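Engineer: One file is attached below, model_10.pdb, containing PDB, C-alpha atoms and all ligand atoms.
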```
ATOM      1  CA  ARG A  18       6.420 -18.134  42.750
ATOM      2  CA  THR A  19       8.651 -17.681  39.724
ATOM      3  CA  VAL A  20      10.535 -20.798  38.645
ATOM      4  CA  TYR A  21      13.156 -21.518  35.987
ATOM      5  CA  VAL A  22      12.602 -24.121  33.271
ATOM      6  CA  ASN A  23      14.946 -24.596  30.305
ATOM      7  CA  GLY A  24      16.034 -21.007  29.902
ATOM      8  CA  GLU A  25      12.784 -19.313  30.927
ATOM      9  CA  TYR A  26      11.533 -17.651  34.099
ATOM     10  CA  LEU A  27       7.843 -18.503  34.500
ATOM     11  CA  PRO A  28       5.072 -18.461  37.079
ATOM     12  CA  GLU A  29       5.080 -21.947  38.652
ATOM     13  CA  THR A  30       1.601 -22.681  37.260
ATOM     14  CA  GLU A  31       2.880 -22.216  33.696
ATOM     15  CA  ALA A  32       6.050 -24.278  34.025
ATOM     16  CA  LYS A  33       5.848 -27.623  32.248
ATOM     17  CA  VAL A  34       8.010 -30.709  31.727
ATOM     18  CA  SER A  35       7.211 -33.557  29.314
ATOM     19  CA  ILE A  36       5.637 -36.811  30.528
ATOM     20  CA  PHE A  37       8.482 -38.482  28.570
ATOM     21  CA  ASP A  38      11.118 -36.787  30.661
ATOM     22  CA  ARG A  39      13.543 -39.498  31.784
ATOM     23  CA  ALA A  40      13.541 -38.240  35.366
ATOM     24  CA  PHE A  41       9.780 -38.830  35.494
ATOM     25  CA  LEU A  42       9.990 -42.272  33.843
ATOM     26  CA  MET A  43      13.329 -43.545  35.193
ATOM     27  CA  ALA A  44      14.635 -41.203  37.894
ATOM     28  CA  ASP A  45      17.318 -40.330  35.315
ATOM     29  CA  GLY A  46      18.294 -36.989  36.789
ATOM     30  CA  VAL A  47      20.447 -35.322  39.402
ATOM     31  CA  TYR A  48      19.769 -32.497  41.815
ATOM     32  CA  GLU A  49      21.261 -30.051  44.284
ATOM     33  CA  VAL A  50      19.819 -28.051  47.162
ATOM     34  CA  THR A  51      21.560 -24.812  48.085
ATOM     35  CA  SER A  52      20.626 -22.770  51.135
ATOM     36  CA  VAL A  53      19.976 -19.044  51.113
ATOM     37  CA  LEU A  54      20.640 -16.957  54.217
ATOM     38  CA  ASP A  55      20.065 -13.191  54.195
ATOM     39  CA  GLY A  56      19.460 -13.425  50.440
ATOM     40  CA  LYS A  57      22.888 -14.967  49.781
ATOM     41  CA  LEU A  58      23.921 -18.430  48.632
ATOM     42  CA  ILE A  59      25.664 -20.778  51.056
ATOM     43  CA  ASP A  60      28.463 -23.000  49.665
ATOM     44  CA  PHE A  61      27.427 -22.349  46.053
ATOM     45  CA  ASP A  62      30.776 -23.473  44.614
ATOM     46  CA  GLY A  63      30.693 -26.768  46.502
ATOM     47  CA  HIS A  64      27.239 -27.570  45.167
ATOM     48  CA  ALA A  65      28.196 -26.555  41.613
ATOM     49  CA  VAL A  66      31.292 -28.792  41.688
ATOM     50  CA  ARG A  67      29.322 -31.768  43.039
ATOM     51  CA  LEU A  68      26.598 -31.213  40.423
ATOM     52  CA  GLU A  69      29.150 -31.389  37.615
ATOM     53  CA  ARG A  70      30.594 -34.567  39.097
ATOM     54  CA  SER A  71      27.127 -36.195  39.372
ATOM     55  CA  LEU A  72      26.424 -35.309  35.723
ATOM     56  CA  LEU A  73      29.752 -36.665  34.492
ATOM     57  CA  GLU A  74      29.403 -39.900  36.500
ATOM     58  CA  LEU A  75      26.122 -40.533  34.659
ATOM     59  CA  ASP A  76      27.573 -39.619  31.232
ATOM     60  CA  MET A  77      25.447 -36.498  31.088
ATOM     61  CA  GLY A  78      26.841 -33.261  29.794
ATOM     62  CA  VAL A  79      27.092 -30.092  31.845
ATOM     63  CA  PRO A  80      24.463 -27.846  30.189
ATOM     64  CA  LEU A  81      25.326 -24.595  31.982
ATOM     65  CA  SER A  82      28.529 -22.916  33.043
ATOM     66  CA  ARG A  83      29.066 -22.251  36.733
ATOM     67  CA  ASP A  84      28.588 -18.525  36.112
ATOM     68  CA  ALA A  85      25.320 -19.093  34.273
ATOM     69  CA  LEU A  86      24.108 -21.317  37.088
ATOM     70  CA  LEU A  87      25.052 -18.732  39.698
ATOM     71  CA  GLU A  88      23.172 -16.061  37.759
ATOM     72  CA  ILE A  89      19.991 -18.203  37.643
ATOM     73  CA  HIS A  90      20.221 -18.870  41.385
ATOM     74  CA  ARG A  91      20.610 -15.155  42.083
ATOM     75  CA  GLU A  92      17.821 -14.167  39.713
ATOM     76  CA  LEU A  93      15.404 -16.577  41.412
ATOM     77  CA  VAL A  94      16.372 -15.238  44.845
ATOM     78  CA  ARG A  95      15.691 -11.698  43.556
ATOM     79  CA  ARG A  96      12.418 -12.472  41.786
ATOM     80  CA  ASN A  97      11.014 -14.405  44.745
ATOM     81  CA  ASP A  98      12.379 -12.103  47.475
ATOM     82  CA  VAL A  99      13.977 -15.059  49.231
ATOM     83  CA  VAL A 100      15.634 -13.969  52.471
ATOM     84  CA  ASP A 101      16.117 -17.410  54.048
ATOM     85  CA  GLY A 102      15.335 -20.654  52.281
ATOM     86  CA  MET A 103      16.524 -23.045  49.641
ATOM     87  CA  ILE A 104      17.036 -23.329  45.924
ATOM     88  CA  TYR A 105      16.283 -26.698  44.378
ATOM     89  CA  LEU A 106      17.960 -27.509  41.071
ATOM     90  CA  GLN A 107      17.338 -30.560  38.929
ATOM     91  CA  ILE A 108      18.982 -31.582  35.651
ATOM     92  CA  THR A 109      17.663 -34.594  33.784
ATOM     93  CA  ARG A 110      18.682 -36.478  30.655
ATOM     94  CA  GLY A 111      15.696 -34.874  28.967
ATOM     95  CA  ALA A 112      12.607 -36.110  27.187
ATOM     96  CA  ALA A 113      13.258 -38.664  24.455
ATOM     97  CA  ALA A 114      10.579 -39.361  21.829
ATOM     98  CA  ASP A 115       9.594 -42.567  23.550
ATOM     99  CA  ARG A 116      10.268 -44.635  26.653
ATOM    100  CA  ASP A 117      13.530 -46.493  26.173
ATOM    101  CA  PHE A 118      16.111 -47.833  28.642
ATOM    102  CA  VAL A 119      18.940 -46.856  26.295
ATOM    103  CA  PHE A 120      20.167 -43.273  26.759
ATOM    104  CA  PRO A 121      19.060 -40.949  23.943
ATOM    105  CA  ASP A 122      21.656 -39.230  21.762
ATOM    106  CA  PRO A 123      22.516 -36.023  23.674
ATOM    107  CA  GLU A 124      22.837 -34.183  20.337
ATOM    108  CA  GLU A 125      19.147 -34.837  19.691
ATOM    109  CA  VAL A 126      17.671 -34.664  23.182
ATOM    110  CA  PRO A 127      18.472 -31.599  25.281
ATOM    111  CA  GLN A 128      18.707 -31.953  29.036
ATOM    112  CA  THR A 129      15.914 -30.566  31.197
ATOM    113  CA  VAL A 130      16.970 -27.897  33.687
ATOM    114  CA  VAL A 131      14.561 -26.860  36.445
ATOM    115  CA  LEU A 132      15.136 -24.595  39.448
ATOM    116  CA  PHE A 133      12.741 -23.307  42.071
ATOM    117  CA  THR A 134      12.959 -21.594  45.431
ATOM    118  CA  GLN A 135      11.493 -22.502  48.814
ATOM    119  CA  SER A 136      11.303 -19.685  51.342
ATOM    120  CA  LYS A 137      11.871 -20.666  54.973
ATOM    121  CA  PRO A 138      11.924 -17.484  57.030
ATOM    122  CA  GLY A 139      14.228 -17.789  60.035
ATOM    123  CA  MET A 140      15.455 -21.246  59.005
ATOM    124  CA  ALA A 141      18.755 -20.757  60.853
ATOM    125  CA  ASP A 142      16.860 -20.434  64.160
ATOM    126  CA  SER A 143      15.109 -23.783  63.780
ATOM    127  CA  PRO A 144      13.509 -24.866  67.095
ATOM    128  CA  ALA A 145      14.718 -28.424  66.357
ATOM    129  CA  ALA A 146      18.276 -27.239  67.043
ATOM    130  CA  LYS A 147      17.221 -26.425  70.625
ATOM    131  CA  THR A 148      15.540 -29.743  71.388
ATOM    132  CA  GLY A 149      17.634 -32.023  69.168
ATOM    133  CA  MET A 150      16.417 -34.841  66.941
ATOM    134  CA  ARG A 151      15.511 -38.430  67.700
ATOM    135  CA  VAL A 152      16.436 -41.082  65.147
ATOM    136  CA  ILE A 153      15.893 -44.795  64.553
ATOM    137  CA  SER A 154      18.145 -47.060  62.521
ATOM    138  CA  ILE A 155      16.907 -48.932  59.477
ATOM    139  CA  GLU A 156      18.604 -51.104  56.887
ATOM    140  CA  ASP A 157      20.223 -49.199  54.014
ATOM    141  CA  GLN A 158      18.515 -50.593  50.926
ATOM    142  CA  ARG A 159      19.606 -47.920  48.442
ATOM    143  CA  TRP A 160      21.631 -48.598  45.303
ATOM    144  CA  GLY A 161      25.441 -48.642  45.369
ATOM    145  CA  ARG A 162      26.221 -45.209  43.905
ATOM    146  CA  ARG A 163      25.088 -42.936  46.719
ATOM    147  CA  ASP A 164      27.912 -40.541  45.860
ATOM    148  CA  ILE A 165      25.863 -39.469  42.831
ATOM    149  CA  LYS A 166      23.064 -37.135  43.868
ATOM    150  CA  THR A 167      20.250 -38.676  41.800
ATOM    151  CA  VAL A 168      16.530 -37.988  42.159
ATOM    152  CA  GLN A 169      15.971 -41.672  43.070
ATOM    153  CA  LEU A 170      14.663 -40.787  46.517
ATOM    154  CA  LEU A 171      12.049 -43.462  47.095
ATOM    155  CA  TYR A 172      13.960 -45.408  49.737
ATOM    156  CA  PRO A 173      15.022 -42.287  51.700
ATOM    157  CA  SER A 174      11.388 -41.200  51.515
ATOM    158  CA  MET A 175      10.260 -44.598  52.884
ATOM    159  CA  GLY A 176      12.885 -44.228  55.615
ATOM    160  CA  LYS A 177      11.404 -40.869  56.665
ATOM    161  CA  MET A 178       7.971 -42.521  56.781
ATOM    162  CA  MET A 179       9.320 -45.361  58.971
ATOM    163  CA  ALA A 180      10.732 -42.714  61.312
ATOM    164  CA  LYS A 181       7.441 -40.849  61.325
ATOM    165  CA  LYS A 182       5.493 -44.028  62.134
ATOM    166  CA  ALA A 183       7.956 -44.740  64.958
ATOM    167  CA  GLY A 184       7.243 -41.245  66.328
ATOM    168  CA  VAL A 185      10.767 -39.911  65.755
ATOM    169  CA  ASP A 186      12.375 -37.351  63.438
ATOM    170  CA  ASP A 187      14.555 -39.302  61.027
ATOM    171  CA  ALA A 188      16.331 -42.570  60.283
ATOM    172  CA  TRP A 189      20.012 -43.528  60.098
ATOM    173  CA  LEU A 190      20.816 -46.129  57.476
ATOM    174  CA  VAL A 191      22.846 -49.197  58.399
ATOM    175  CA  GLU A 192      24.651 -51.508  55.974
ATOM    176  CA  ASN A 193      26.550 -54.643  57.033
ATOM    177  CA  GLY A 194      26.316 -53.458  60.630
ATOM    178  CA  TYR A 195      27.730 -49.965  60.019
ATOM    179  CA  VAL A 196      26.003 -46.605  59.708
ATOM    180  CA  THR A 197      26.275 -45.099  56.241
ATOM    181  CA  GLU A 198      24.387 -41.794  56.701
ATOM    182  CA  GLY A 199      20.950 -40.342  57.441
ATOM    183  CA  THR A 200      18.086 -40.445  54.907
ATOM    184  CA  SER A 201      18.997 -36.945  53.709
ATOM    185  CA  ASN A 202      22.056 -35.996  55.757
ATOM    186  CA  ASN A 203      25.452 -37.166  56.962
ATOM    187  CA  ALA A 204      25.668 -38.765  60.429
ATOM    188  CA  TYR A 205      28.204 -38.249  63.238
ATOM    189  CA  PHE A 206      28.804 -38.953  66.906
ATOM    190  CA  ILE A 207      31.234 -37.287  69.306
ATOM    191  CA  LYS A 208      33.179 -39.062  72.049
ATOM    192  CA  GLY A 209      35.479 -36.870  74.113
ATOM    193  CA  ASN A 210      37.174 -34.516  71.681
ATOM    194  CA  THR A 211      36.726 -36.831  68.688
ATOM    195  CA  ILE A 212      34.132 -36.628  65.923
ATOM    196  CA  VAL A 213      33.454 -39.903  64.129
ATOM    197  CA  THR A 214      31.758 -40.088  60.727
ATOM    198  CA  ARG A 215      31.773 -42.529  57.816
ATOM    199  CA  ALA A 216      34.662 -42.058  55.355
ATOM    200  CA  LEU A 217      33.898 -40.842  51.821
ATOM    201  CA  SER A 218      33.231 -43.579  49.243
ATOM    202  CA  SER A 219      30.410 -44.526  46.874
ATOM    203  CA  ASP A 220      28.484 -45.665  50.002
ATOM    204  CA  ILE A 221      27.485 -42.113  50.980
ATOM    205  CA  LEU A 222      26.787 -38.716  49.509
ATOM    206  CA  HIS A 223      29.804 -36.445  49.819
ATOM    207  CA  GLY A 224      28.046 -33.759  51.801
ATOM    208  CA  ILE A 225      29.023 -30.180  51.086
ATOM    209  CA  THR A 226      28.092 -29.287  54.661
ATOM    210  CA  ARG A 227      30.134 -32.293  55.882
ATOM    211  CA  ALA A 228      33.282 -30.978  54.196
ATOM    212  CA  ALA A 229      32.871 -27.528  55.755
ATOM    213  CA  VAL A 230      31.974 -28.787  59.230
ATOM    214  CA  LEU A 231      34.915 -31.223  59.387
ATOM    215  CA  ARG A 232      37.229 -28.386  58.348
ATOM    216  CA  PHE A 233      35.846 -26.145  61.112
ATOM    217  CA  ALA A 234      36.084 -28.994  63.639
ATOM    218  CA  ARG A 235      39.771 -29.529  62.826
ATOM    219  CA  GLU A 236      40.392 -25.777  63.046
ATOM    220  CA  ALA A 237      38.749 -25.875  66.502
ATOM    221  CA  GLN A 238      41.346 -28.539  67.530
ATOM    222  CA  MET A 239      38.871 -31.418  67.502
ATOM    223  CA  THR A 240      40.043 -34.813  66.236
ATOM    224  CA  VAL A 241      38.162 -36.157  63.213
ATOM    225  CA  GLU A 242      37.990 -39.898  62.556
ATOM    226  CA  GLU A 243      36.524 -40.823  59.180
ATOM    227  CA  ARG A 244      35.704 -44.501  59.608
ATOM    228  CA  ASN A 245      32.935 -47.066  59.946
ATOM    229  CA  PHE A 246      30.932 -47.026  63.181
ATOM    230  CA  THR A 247      28.003 -48.986  64.573
ATOM    231  CA  ILE A 248      24.754 -47.780  66.117
ATOM    232  CA  GLU A 249      25.937 -49.177  69.495
ATOM    233  CA  GLU A 250      29.105 -47.091  69.340
ATOM    234  CA  ALA A 251      27.137 -43.942  68.489
ATOM    235  CA  GLN A 252      24.712 -44.669  71.355
ATOM    236  CA  GLN A 253      27.691 -44.673  73.715
ATOM    237  CA  GLY A 254      28.878 -41.321  72.377
ATOM    238  CA  ASP A 255      28.594 -38.095  74.375
ATOM    239  CA  GLU A 256      26.794 -36.367  71.509
ATOM    240  CA  ALA A 257      25.590 -36.970  67.979
ATOM    241  CA  PHE A 258      24.513 -34.776  65.092
ATOM    242  CA  ILE A 259      23.703 -34.654  61.398
ATOM    243  CA  THR A 260      24.625 -32.187  58.658
ATOM    244  CA  SER A 261      22.952 -31.101  55.427
ATOM    245  CA  ALA A 262      22.571 -27.945  53.377
ATOM    246  CA  SER A 263      19.045 -27.403  54.657
ATOM    247  CA  THR A 264      19.545 -28.268  58.357
ATOM    248  CA  PHE A 265      23.190 -27.092  58.722
ATOM    249  CA  VAL A 266      24.339 -28.899  61.902
ATOM    250  CA  MET A 267      21.477 -30.504  63.827
ATOM    251  CA  PRO A 268      22.025 -32.218  67.193
ATOM    252  CA  VAL A 269      20.759 -35.793  67.667
ATOM    253  CA  VAL A 270      19.743 -36.691  71.228
ATOM    254  CA  GLU A 271      18.330 -40.185  70.863
ATOM    255  CA  ILE A 272      19.257 -43.212  68.731
ATOM    256  CA  ASP A 273      16.973 -46.266  68.693
ATOM    257  CA  GLY A 274      15.425 -45.267  72.012
ATOM    258  CA  VAL A 275      18.774 -44.715  73.758
ATOM    259  CA  THR A 276      19.252 -41.186  75.099
ATOM    260  CA  LEU A 277      22.668 -39.589  74.616
ATOM    261  CA  GLY A 278      24.144 -37.741  77.584
ATOM    262  CA  ASP A 279      21.438 -35.768  79.388
ATOM    263  CA  GLY A 280      19.099 -35.831  76.392
ATOM    264  CA  LYS A 281      19.832 -32.225  75.449
ATOM    265  CA  PRO A 282      21.733 -31.072  72.354
ATOM    266  CA  GLY A 283      25.440 -31.444  73.040
ATOM    267  CA  PRO A 284      27.656 -28.363  73.501
ATOM    268  CA  LYS A 285      30.116 -29.388  70.796
ATOM    269  CA  ALA A 286      27.404 -29.993  68.191
ATOM    270  CA  LEU A 287      25.821 -26.648  69.050
ATOM    271  CA  ARG A 288      29.194 -24.915  68.844
ATOM    272  CA  LEU A 289      29.828 -26.465  65.424
ATOM    273  CA  ARG A 290      26.410 -25.254  64.306
ATOM    274  CA  GLU A 291      27.280 -21.726  65.435
ATOM    275  CA  ILE A 292      30.649 -21.777  63.697
ATOM    276  CA  TYR A 293      29.157 -23.236  60.521
ATOM    277  CA  LEU A 294      26.416 -20.590  60.365
ATOM    278  CA  GLU A 295      28.791 -17.756  61.157
ATOM    279  CA  GLU A 296      31.469 -18.796  58.640
ATOM    280  CA  SER A 297      28.933 -19.681  55.932
ATOM    281  CA  ARG A 298      27.210 -16.332  56.232
ATOM    282  CA  LYS A 299      30.602 -14.624  55.915
ATOM    283  CA  ALA A 300      31.504 -16.628  52.799
ATOM    284  CA  ALA A 301      28.000 -16.467  51.231
ATOM    285  CA  ILE A 302      27.755 -14.984  47.726
TER     286      ILE A 302
HETATM  287  N1  LIG B   1      23.443 -37.583  52.498
HETATM  288  C1  LIG B   1      22.299 -37.670  51.800
HETATM  289  C2  LIG B   1      21.764 -39.026  51.453
HETATM  290  C3  LIG B   1      21.632 -36.497  51.395
HETATM  291  O1  LIG B   1      20.490 -36.586  50.692
HETATM  292  C4  LIG B   1      22.156 -35.231  51.780
HETATM  293  C5  LIG B   1      21.463 -33.947  51.433
HETATM  294  N2  LIG B   1      21.016 -33.847  50.159
HETATM  295  C6  LIG B   1      23.350 -35.198  52.507
HETATM  296  C7  LIG B   1      23.962 -36.397  52.849
HETATM  297  C8  LIG B   1      23.973 -33.893  52.935
HETATM  298  O2  LIG B   1      24.607 -33.274  51.856
HETATM  299  P1  LIG B   1      24.771 -31.679  51.810
HETATM  300  O3  LIG B   1      25.484 -31.300  53.056
HETATM  301  O4  LIG B   1      25.575 -31.435  50.600
HETATM  302  O5  LIG B   1      23.390 -31.136  51.745
END
```
Show the structure stored in the file as structure tokens.
Structural biologist:
Amino acid sequence: RTVYVNGEYLPETEAKVSIFDRAFLMADGVYEVTSVLDGKLIDFDGHAVRLERSLLELDMGVPLSRDALLEIHRELVRRNDVVDGMIYLQITRGAAADRDFVFPDPEEVPQTVVLFTQSKPGMADSPAAKTGMRVISIEDQRWGRRDIKTVQLLYPSMGKMMAKKAGVDDAWLVENGYVTEGTSNNAYFIKGNTIVTRALSSDILHGITRAAVLRFAREAQMTVEERNFTIEEAQQGDEAFITSASTFVMPVVEIDGVTLGDGKPGPKALRLREIYLEESRKAAI
């Protein structure tokens, strides 16, 4: 696989980052994951805008223009013959001369920029979309700036392990009695013609897929309520689902052992998945 590191395209075995890199020592970095379908980028602009926001919120500069970033994404897709899959991008505050909590002077320490591809042939036909996912709820113990997409993923990773140990697919995070989001996705339930999902704030990541799916839902005459909801309320829903760049729209059929509806992916969630895939493919660049 060919990867990108600080201006160079290299075989992955030759790509290197310093042990003093602040992302390695302090999780001082941000990332984005963009999907590729039929060799084209899904929602690239949305991811680029969110990346810039994450960088600015952490007082990091924006090292590459949007055009330059797009070109690197496209070049990696070309060089690795990616048909369906993902592009992972990470930008860190760079490698200072020593370990220090204080941010280094950006004039002296350049940021680290890394991108690599992950091929996932046929990812849009995921079998999980046909069976639906089962989730458990766990306490949300992440920090308070979840709107910044940092590489601090230890708690989400522990959440996935808790789900795995419980024999299910993922975990929904609950804070003060209300669902924030999934470990790596936004969470929703549907009751009647209404989709309910947590409102945007620093409590959740502002999902790029979320924005698109809510737009399509409104265009399909569904009502969208962006508000707090509990696990109990979601369990009483007709359907539930999650969204993320890598899973698109994925139905949820069980929450904390309670089966939703007949235990099969709901028709509205599946329809939203179809619309999302169709529209995203059309708009892909
Ligand atoms: N919430 C969290 C915590 C996430 O990690 C992700 C995916 N990275 C999302 C939501 C979904 O965001 P997007 O649709 O932009 O992938």
Engineer: Pick out the closest residue to Thr134 in chain A from this set: A:Thr197, A:Thr19, A:Ser219, A:Ser154. Count only C-alpha atoms.
Structural biologist: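 Among the listed residues, A:Thr19 lies closest to Thr134 in chain A.
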Engineer: Select the residues contacting ligand LIG 1 (chain B) at a distance of at most 6 Å, based on only C-alpha atoms and all ligand atoms, then format the selection as a PyMOL selection string.
Structural biologist: chain A and resi 200-203+222+224-227+260-262
Engineer: Written as a PDB file with C-alpha atoms, in the frame of the given file, which residues does the PyMOL selection byres (((chain A and resi 125-133) around 7) and not hetatm) give for the file shown?
Structural biologist:
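Output saved as selection29.pdb:
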```pdb
ATOM      1  CA  VAL A  20      10.535 -20.798  38.645  1.00  0.00           C
ATOM      2  CA  TYR A  21      13.156 -21.518  35.987  1.00  0.00           C
ATOM      3  CA  VAL A  22      12.602 -24.121  33.271  1.00  0.00           C
ATOM      4  CA  ASN A  23      14.946 -24.596  30.305  1.00  0.00           C
ATOM      5  CA  ILE A 104      17.036 -23.329  45.924  1.00  0.00           C
ATOM      6  CA  TYR A 105      16.283 -26.698  44.378  1.00  0.00           C
ATOM      7  CA  LEU A 106      17.960 -27.509  41.071  1.00  0.00           C
ATOM      8  CA  GLN A 107      17.338 -30.560  38.929  1.00  0.00           C
ATOM      9  CA  ILE A 108      18.982 -31.582  35.651  1.00  0.00           C
ATOM     10  CA  THR A 109      17.663 -34.594  33.784  1.00  0.00           C
ATOM     11  CA  ARG A 110      18.682 -36.478  30.655  1.00  0.00           C
ATOM     12  CA  GLY A 111      15.696 -34.874  28.967  1.00  0.00           C
ATOM     13  CA  ALA A 112      12.607 -36.110  27.187  1.00  0.00           C
ATOM     14  CA  ALA A 113      13.258 -38.664  24.455  1.00  0.00           C
ATOM     15  CA  PRO A 121      19.060 -40.949  23.943  1.00  0.00           C
ATOM     16  CA  ASP A 122      21.656 -39.230  21.762  1.00  0.00           C
ATOM     17  CA  PRO A 123      22.516 -36.023  23.674  1.00  0.00           C
ATOM     18  CA  GLU A 124      22.837 -34.183  20.337  1.00  0.00           C
ATOM     19  CA  THR A 134      12.959 -21.594  45.431  1.00  0.00           C
ATOM     20  CA  GLN A 135      11.493 -22.502  48.814  1.00  0.00           C
TER      21      GLN A 135
END
```
Engineer: When you count all atoms listed in the file, which of these residues is closest to His223 in chain A: A:Ile165, A:Val47, A:Met175, A:Leu93?
Structural biologist: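 Among the listed residues, A:Ile165 lies closest to His223 in chain A.
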Engineer: Show me, as a VMD selection string, the residues that have an atom within 9 Å of Ser297 in chain A when counting all atoms listed in the file, minus same-chain residues fewer than 3 positions from it.
Structural biologist: chain A and resid 54 58 to 60 229 292 to 294 300 to 301
Engineer: Applying 6 Å and all atoms listed in the file, which residues near range 263-273 of chain A remain after dropping the ones on its own chain fewer than 6 positions away? List them as a PyMOL selection string.
Structural biologist: chain A and resi 146+149-153+257+280+282+286+290
Engineer: Give me, please, the distance in Å between CA of Glu49 in chain A and CA of Ala228 in chain A, quoted to one decimal.
Structural biologist: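 CA of Ala228 in chain A lies at a distance of 15.6 Å from CA of Glu49 in chain A.
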Engineer: With distances taken over only C-alpha atoms, which residue among A:Met103, A:Leu190, A:Met77, A:Ile155 lies nearest Ser136 in chain A?
Structural biologist: A:Met103
Engineer: Give me the residues near Gln158 in chain A as a PyMOL selection string, where near means some atom within 10 Å (using only C-alpha atoms) and where sequence neighbours in that chain fewer than 3 positions away do not count.
Structural biologist: chain A and resi 155+161+172-173+176+190-192
Engineer: Quick one: distance from CA of Val79 in chain A to CA of Val53 in chain A in Å, one decimal?
Structural biologist: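 Separating CA of Val79 in chain A from CA of Val53 in chain A is a distance of 23.3 Å.
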Engineer: Between A:Leu75, A:Arg162, A:Thr167, A:Arg116, single out the one closest to Tyr48 in chain A, counting all atoms listed in the file.
Structural biologist: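 Looking only at the distances to Tyr48 in chain A, the closest residue turns out to be A:Thr167.
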Engineer: Out of A:Gly274, A:Gly78, A:Gly199, A:Gly209, which residue has the shortest atom-to-atom distance to Gly184 in chain A when counting all atoms listed in the file?
Structural biologist: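 Closest candidate: A:Gly274.
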